Amino acid sequence: VNTYDMGLRAKGLVLSGAGSPIVLVSLDWLGIGNDCYEEFKLSLARAAGTVPERVAVHVIHQHDAPYPHDFRNDNFALSVIHRLEMSLMNSLENAVPVTHIGFGEAQVYEVASIRRILGPDGKVAAMRWTWCPDSVLRSKPEGLIDPMLSTVSFWNEDHPIAVLNFYATHPQSYYATGRPNPDYPGIARFQRQLATPDALLMYFTGAGSNVGAGKYNDGSHEYRGILAERLADGMKRAWESTIRIPVAPSDIHWSFQPVALPLDSVKAKDELWRRYKSGKKVDLQCLAFNKARILFMPGELFVEYQLAAKKMRPDLFVAMAAYGDLGFSYIPTAAAFPQGGYEVDVAKVKPEAEKVLLDGIFKLLHEKY
């Protein structure tokens with residue numbers, strides 16, 4: 001096919017020397033969930049010589065990308081897992097010392113906007129979606145978002161080794177093209193990779209399931225490049241604001257909270273329900289160093305969860321990656337359920353899931369080291 005689209009990537013890093021190895025992976029996939037998600041963690045843990053609880057696997061959630069549901073009969077998914085295992089094992093031979101960790105953040109302009117437009121009765125009157133050809137809906141206010149992009153970097157003295165970016169919004173400009181592509185976050189990531197060619201560039205989608213680019217994107221194909229430039233600009237300014245601090249193995253900690261999210265017995269009648277009834281839990285994970293915390297969360301979280309986490313610890317640098325185990329699908333706030341709307345209609349969790357998540361986040365952010 002004659003196309004300019006870029007290919008899909010899986011990028012990851014292994015942190016060794018602070019207890020058992022810690023593995024962080026971000027994939028240009030639409031989703032990984034349930035048993036397939038568990039298999040990714042098990043395989044990567046085995047390759048790294050660690051345990052699955054210390055492995056965080058996340059998708060960026062581009063829509064022109066795979067979402068295997070029956071991975072045992074999906075040769076492509078199995079081959080990806082195997083190739084990731086081999087890549088991880090080979091990478092351990094080229095480990096690089098980490099002497100410093102950097103933190104930065106910057107506002108991203110004219111990318112994210114709230115998807116759920118409420119009417120006078122307080123219920124969802126319209127969805128602005130990720131692209132929106134309706135000029136009236138695009139004229140509505142930006143709404144509740146987290147405008148800040150967070151950057152965490154690992155350094156060997158003055159040389160950057162890896163740069164991780166976290167930003168909360170749906171990552172689609174347009175889709176359903178039939179061609180796999182990493183959409184505008186992948187393009188922005190590539191642009192920043194060119195600017196820091198010797199470092200590994202990674203991108204994580206934060207808690208942005210009720211956030212998209214609809215206010216600033218009418219679906220015209222030109223907007224993929226425009227949104228990529230705006231996101232890359234935020235990455236650049238966050239990188240330029242980076243403050244580096246020395247780090248020792250004793251400064252790095254990993255913790256996790258296994259939780260059982262209450263499910264709707266009607267809408268979760270699938271593999272997720274089977275796992276829930278068998279007692280399976282999902283891990284909320286946290287990487288902590290000095291005055292920073294990075295949360296790794298399951299499902300498509302509403303942005304309110306990310307904002308709540310930052311509010312819990314205003315004294316810390318807090319970043320969040322969502323879109324871990326995507327078997328849970330959308331995880332709205334309790335207040336969103338009576339408002340209705342698409343996310344609530346398809347959500348598999350009950351409103352009580354909010355308290356479970358917020359309690360788990362609170363424990364992770366207040367754990368003493």
# chains A, B, ... in the order shown; residues from 1 in each chain; ligands from 1

call {"tool": "residues_around", "arguments": {"residues": "A:Arg313", "least_positions_apart": "2", "cutoff": "12 Å", "atoms": "only C-alpha atoms", "output": "ChimeraX atom specification"}}
result
/A:291-294,306-311,315-319,361-367

call {"tool": "select_by_dssp", "arguments": {"residues": "stretch 102-250 of chain A", "states": "strand (DSSP E)", "output": "count of residues only"}}
result
45

call {"tool": "atom_distance", "arguments": {"atom1": "atom CA of A:Val282", "atom2": "atom CA of A:Val259"}}
result
5.5 Å

call {"tool": "closest_residue", "arguments": {"among": "A:Glu142, A:Ala48, A:Asp28, A:Ser20", "to": "A:Tyr67", "atoms": "only C-alpha atoms"}}
result
A:Asp28

call {"tool": "atom_distance", "arguments": {"atom1": "atom CA of A:Asp264", "atom2": "atom CA of A:Val124"}}
result
20.8 Å

call {"tool": "closest_residue", "arguments": {"among": "A:Gly208, A:Ala238, A:Val349, A:Tyr342", "to": "A:Val266", "atoms": "only C-alpha atoms"}}
result
A:Val349

call {"tool": "closest_atom_pairs", "arguments": {"of": "stretch 206-235 of chain A", "to": "stretch 186-199 of chain A", "cutoff": "12 Å", "atoms": "only C-alpha atoms", "output": "tab-separated table"}}
result
residue	atom	partner	partner_atom	distance
A:Arg224	CA	A:Ile187	CA	8.6
A:Gly225	CA	A:Ile187	CA	7.7
A:Ile226	CA	A:Ala188	CA	10.0
A:Leu227	CA	A:Ala188	CA	8.5
A:Ala228	CA	A:Ala188	CA	4.8
A:Glu229	CA	A:Ala188	CA	6.4
A:Arg230	CA	A:Ala188	CA	8.3
A:Leu231	CA	A:Ala188	CA	6.1
A:Ala232	CA	A:Ala188	CA	4.7
A:Asp233	CA	A:Ala188	CA	8.4
A:Gly234	CA	A:Ala188	CA	9.6
A:Met235	CA	A:Arg192	CA	7.4

call {"tool": "residues_around", "arguments": {"residues": "A:Ser91", "least_positions_apart": "6", "cutoff": "10 Å", "atoms": "only C-alpha atoms", "output": "list in words"}}
result
Gly12, Leu13, Val14, Ala48 and Glu85 of chain A

call {"tool": "write_last_selection", "arguments": {"atoms": "C-alpha atoms", "output": "tab-separated table (two decimals), in the first residue's frame"}}
result
chain	number	residue	atom	x	y	z
A	12	GLY	CA	10.26	-0.61	27.21
A	13	LEU	CA	12.94	-0.39	29.85
A	14	VAL	CA	14.19	-2.53	32.70
A	48	ALA	CA	13.66	-10.08	33.11
A	85	GLU	CA	10.69	-11.49	25.50

call {"tool": "atom_distance", "arguments": {"atom1": "atom CA of A:Phe328", "atom2": "atom CA of A:Val57"}}
result
14.6 Å

call {"tool": "residues_around", "arguments": {"residues": "A:Ile60", "least_positions_apart": "6", "cutoff": "12 Å", "atoms": "only C-alpha atoms", "output": "VMD selection string"}}
result
chain A and resid 8 to 11 25 to 32 66 to 67 165 to 172 181 to 186 189 202 to 209 299 to 300 321 to 326

call {"tool": "closest_residue", "arguments": {"among": "A:Glu105, A:Asp35, A:Asp283, A:Asp70", "to": "A:Val55", "atoms": "only C-alpha atoms"}}
result
A:Asp283

call {"tool": "select_by_dssp", "arguments": {"residues": "stretch 67-97 of chain A", "states": "alpha helix (DSSP H)", "output": "MDAnalysis selection string"}}
result
chainID A and resid 75:91

call {"tool": "write_last_selection", "arguments": {"atoms": "N, CA, C and O atoms", "output": "short mmCIF file (atom, residue, chain, number, x, y, z; two decimals), in the first residue's frame"}}
result
data_model
loop_
_atom_site.label_atom_id
_atom_site.label_comp_id
_atom_site.auth_asym_id
_atom_site.auth_seq_id
_atom_site.Cartn_x
_atom_site.Cartn_y
_atom_site.Cartn_z
N ASN A 75 -1.91 -15.94 16.35
CA ASN A 75 -0.48 -16.14 16.13
C ASN A 75 0.29 -14.83 16.17
O ASN A 75 1.45 -14.79 16.59
N PHE A 76 -0.36 -13.75 15.73
CA PHE A 76 0.34 -12.46 15.76
C PHE A 76 0.60 -12.02 17.19
O PHE A 76 1.71 -11.59 17.53
N ALA A 77 -0.42 -12.11 18.06
CA ALA A 77 -0.23 -11.70 19.45
C ALA A 77 0.84 -12.55 20.12
O ALA A 77 1.69 -12.04 20.86
N LEU A 78 0.82 -13.85 19.87
CA LEU A 78 1.82 -14.73 20.47
C LEU A 78 3.22 -14.39 19.97
O LEU A 78 4.19 -14.44 20.73
N SER A 79 3.32 -14.06 18.68
CA SER A 79 4.64 -13.71 18.13
C SER A 79 5.15 -12.41 18.73
O SER A 79 6.36 -12.26 18.97
N VAL A 80 4.25 -11.46 18.99
CA VAL A 80 4.66 -10.19 19.60
C VAL A 80 5.18 -10.44 21.01
O VAL A 80 6.22 -9.91 21.42
N ILE A 81 4.46 -11.26 21.78
CA ILE A 81 4.90 -11.59 23.14
C ILE A 81 6.29 -12.23 23.09
O ILE A 81 7.19 -11.87 23.87
N HIS A 82 6.48 -13.16 22.18
CA HIS A 82 7.77 -13.85 22.09
C HIS A 82 8.88 -12.89 21.68
O HIS A 82 9.98 -12.90 22.25
N ARG A 83 8.60 -12.02 20.70
CA ARG A 83 9.62 -11.08 20.26
C ARG A 83 9.97 -10.07 21.35
O ARG A 83 11.12 -9.65 21.48
N LEU A 84 8.97 -9.67 22.14
CA LEU A 84 9.25 -8.78 23.27
C LEU A 84 10.13 -9.47 24.30
O LEU A 84 11.05 -8.85 24.86
N GLU A 85 9.84 -10.74 24.58
CA GLU A 85 10.69 -11.49 25.50
C GLU A 85 12.14 -11.49 25.04
O GLU A 85 13.06 -11.22 25.83
N MET A 86 12.33 -11.80 23.76
CA MET A 86 13.70 -11.88 23.24
C MET A 86 14.38 -10.51 23.25
O MET A 86 15.56 -10.39 23.60
N SER A 87 13.62 -9.46 22.89
CA SER A 87 14.20 -8.11 22.91
C SER A 87 14.61 -7.72 24.32
O SER A 87 15.68 -7.11 24.53
N LEU A 88 13.77 -8.06 25.29
CA LEU A 88 14.08 -7.71 26.68
C LEU A 88 15.34 -8.45 27.13
O LEU A 88 16.26 -7.85 27.71
N MET A 89 15.40 -9.75 26.86
CA MET A 89 16.56 -10.53 27.28
C MET A 89 17.84 -10.01 26.64
O MET A 89 18.88 -9.88 27.30
N ASN A 90 17.77 -9.68 25.36
CA ASN A 90 18.96 -9.16 24.67
C ASN A 90 19.38 -7.80 25.22
O ASN A 90 20.58 -7.47 25.27
N SER A 91 18.39 -7.00 25.62
CA SER A 91 18.72 -5.65 26.10
C SER A 91 19.49 -5.68 27.41
O SER A 91 20.25 -4.76 27.72
#

call {"tool": "closest_residue", "arguments": {"among": "A:Gly212, A:Pro133, A:Pro314, A:Gly102", "to": "A:Val163", "atoms": "only C-alpha atoms"}}
result
A:Gly102

call {"tool": "residues_around", "arguments": {"residues": "A:Leu357", "least_positions_apart": "6", "cutoff": "9 Å", "atoms": "only C-alpha atoms", "output": "count of residues only"}}
result
4

call {"tool": "residues_around", "arguments": {"residues": "A:Ile245", "least_positions_apart": "5", "cutoff": "12 Å", "atoms": "only C-alpha atoms", "output": "compact mmCIF listing (two decimals) with N, CA, C and O atoms, in the first residue's frame"}}
result
# COMPACT_ATOMS: atom_id res chain seq x y z
N VAL A 98 22.44 4.24 35.72
CA VAL A 98 21.62 5.43 35.94
C VAL A 98 22.18 6.18 37.14
O VAL A 98 22.25 5.63 38.24
N THR A 99 22.57 7.43 36.92
CA THR A 99 23.13 8.24 38.01
C THR A 99 22.18 9.36 38.44
O THR A 99 22.27 9.85 39.56
N HIS A 100 21.28 9.78 37.53
CA HIS A 100 20.35 10.87 37.81
C HIS A 100 18.98 10.55 37.24
O HIS A 100 18.86 9.80 36.26
N ILE A 101 17.97 11.15 37.84
CA ILE A 101 16.61 11.10 37.31
C ILE A 101 16.12 12.53 37.15
O ILE A 101 16.39 13.39 38.00
N GLY A 102 15.45 12.80 36.03
CA GLY A 102 14.95 14.15 35.76
C GLY A 102 13.44 14.21 35.74
O GLY A 102 12.77 13.23 35.38
N PHE A 103 12.90 15.36 36.12
CA PHE A 103 11.45 15.58 36.13
C PHE A 103 11.14 16.93 35.49
O PHE A 103 11.80 17.93 35.79
N GLY A 104 10.15 16.93 34.62
CA GLY A 104 9.72 18.18 34.01
C GLY A 104 8.26 18.11 33.63
O GLY A 104 7.67 17.03 33.54
N VAL A 152 9.54 12.19 32.66
CA VAL A 152 10.49 11.58 33.59
C VAL A 152 11.65 11.04 32.76
O VAL A 152 11.44 10.32 31.78
N SER A 153 12.87 11.37 33.13
CA SER A 153 14.03 10.95 32.34
C SER A 153 15.07 10.28 33.23
O SER A 153 15.22 10.61 34.40
N PHE A 154 15.77 9.33 32.64
CA PHE A 154 16.85 8.61 33.31
C PHE A 154 18.17 8.97 32.63
O PHE A 154 18.25 8.98 31.39
N TRP A 155 19.19 9.24 33.43
CA TRP A 155 20.45 9.78 32.92
C TRP A 155 21.65 8.98 33.41
O TRP A 155 21.65 8.48 34.55
N ASN A 156 22.66 8.90 32.58
CA ASN A 156 23.98 8.45 32.98
C ASN A 156 24.88 9.67 32.94
O ASN A 156 25.34 10.08 31.86
N GLU A 157 25.06 10.29 34.12
CA GLU A 157 25.74 11.59 34.22
C GLU A 157 25.02 12.62 33.34
O GLU A 157 23.85 12.87 33.56
N ASP A 158 25.67 13.14 32.30
CA ASP A 158 25.04 14.17 31.48
C ASP A 158 24.34 13.60 30.23
O ASP A 158 23.89 14.37 29.37
N ASP A 251 17.03 4.86 46.59
CA ASP A 251 16.01 5.89 46.36
C ASP A 251 14.82 5.36 45.57
O ASP A 251 13.79 6.04 45.47
N PHE A 289 10.51 7.46 43.50
CA PHE A 289 11.88 7.86 43.73
C PHE A 289 11.90 9.29 44.22
O PHE A 289 11.31 10.18 43.63
N ASN A 290 12.58 9.46 45.36
CA ASN A 290 12.71 10.78 45.98
C ASN A 290 11.34 11.45 46.08
O ASN A 290 10.42 10.92 46.69
N LYS A 291 11.17 12.58 45.45
CA LYS A 291 9.92 13.33 45.55
C LYS A 291 9.00 13.10 44.35
O LYS A 291 8.20 13.99 44.00
N ALA A 292 9.07 11.95 43.73
CA ALA A 292 8.25 11.67 42.55
C ALA A 292 7.55 10.33 42.70
O ALA A 292 8.06 9.41 43.33
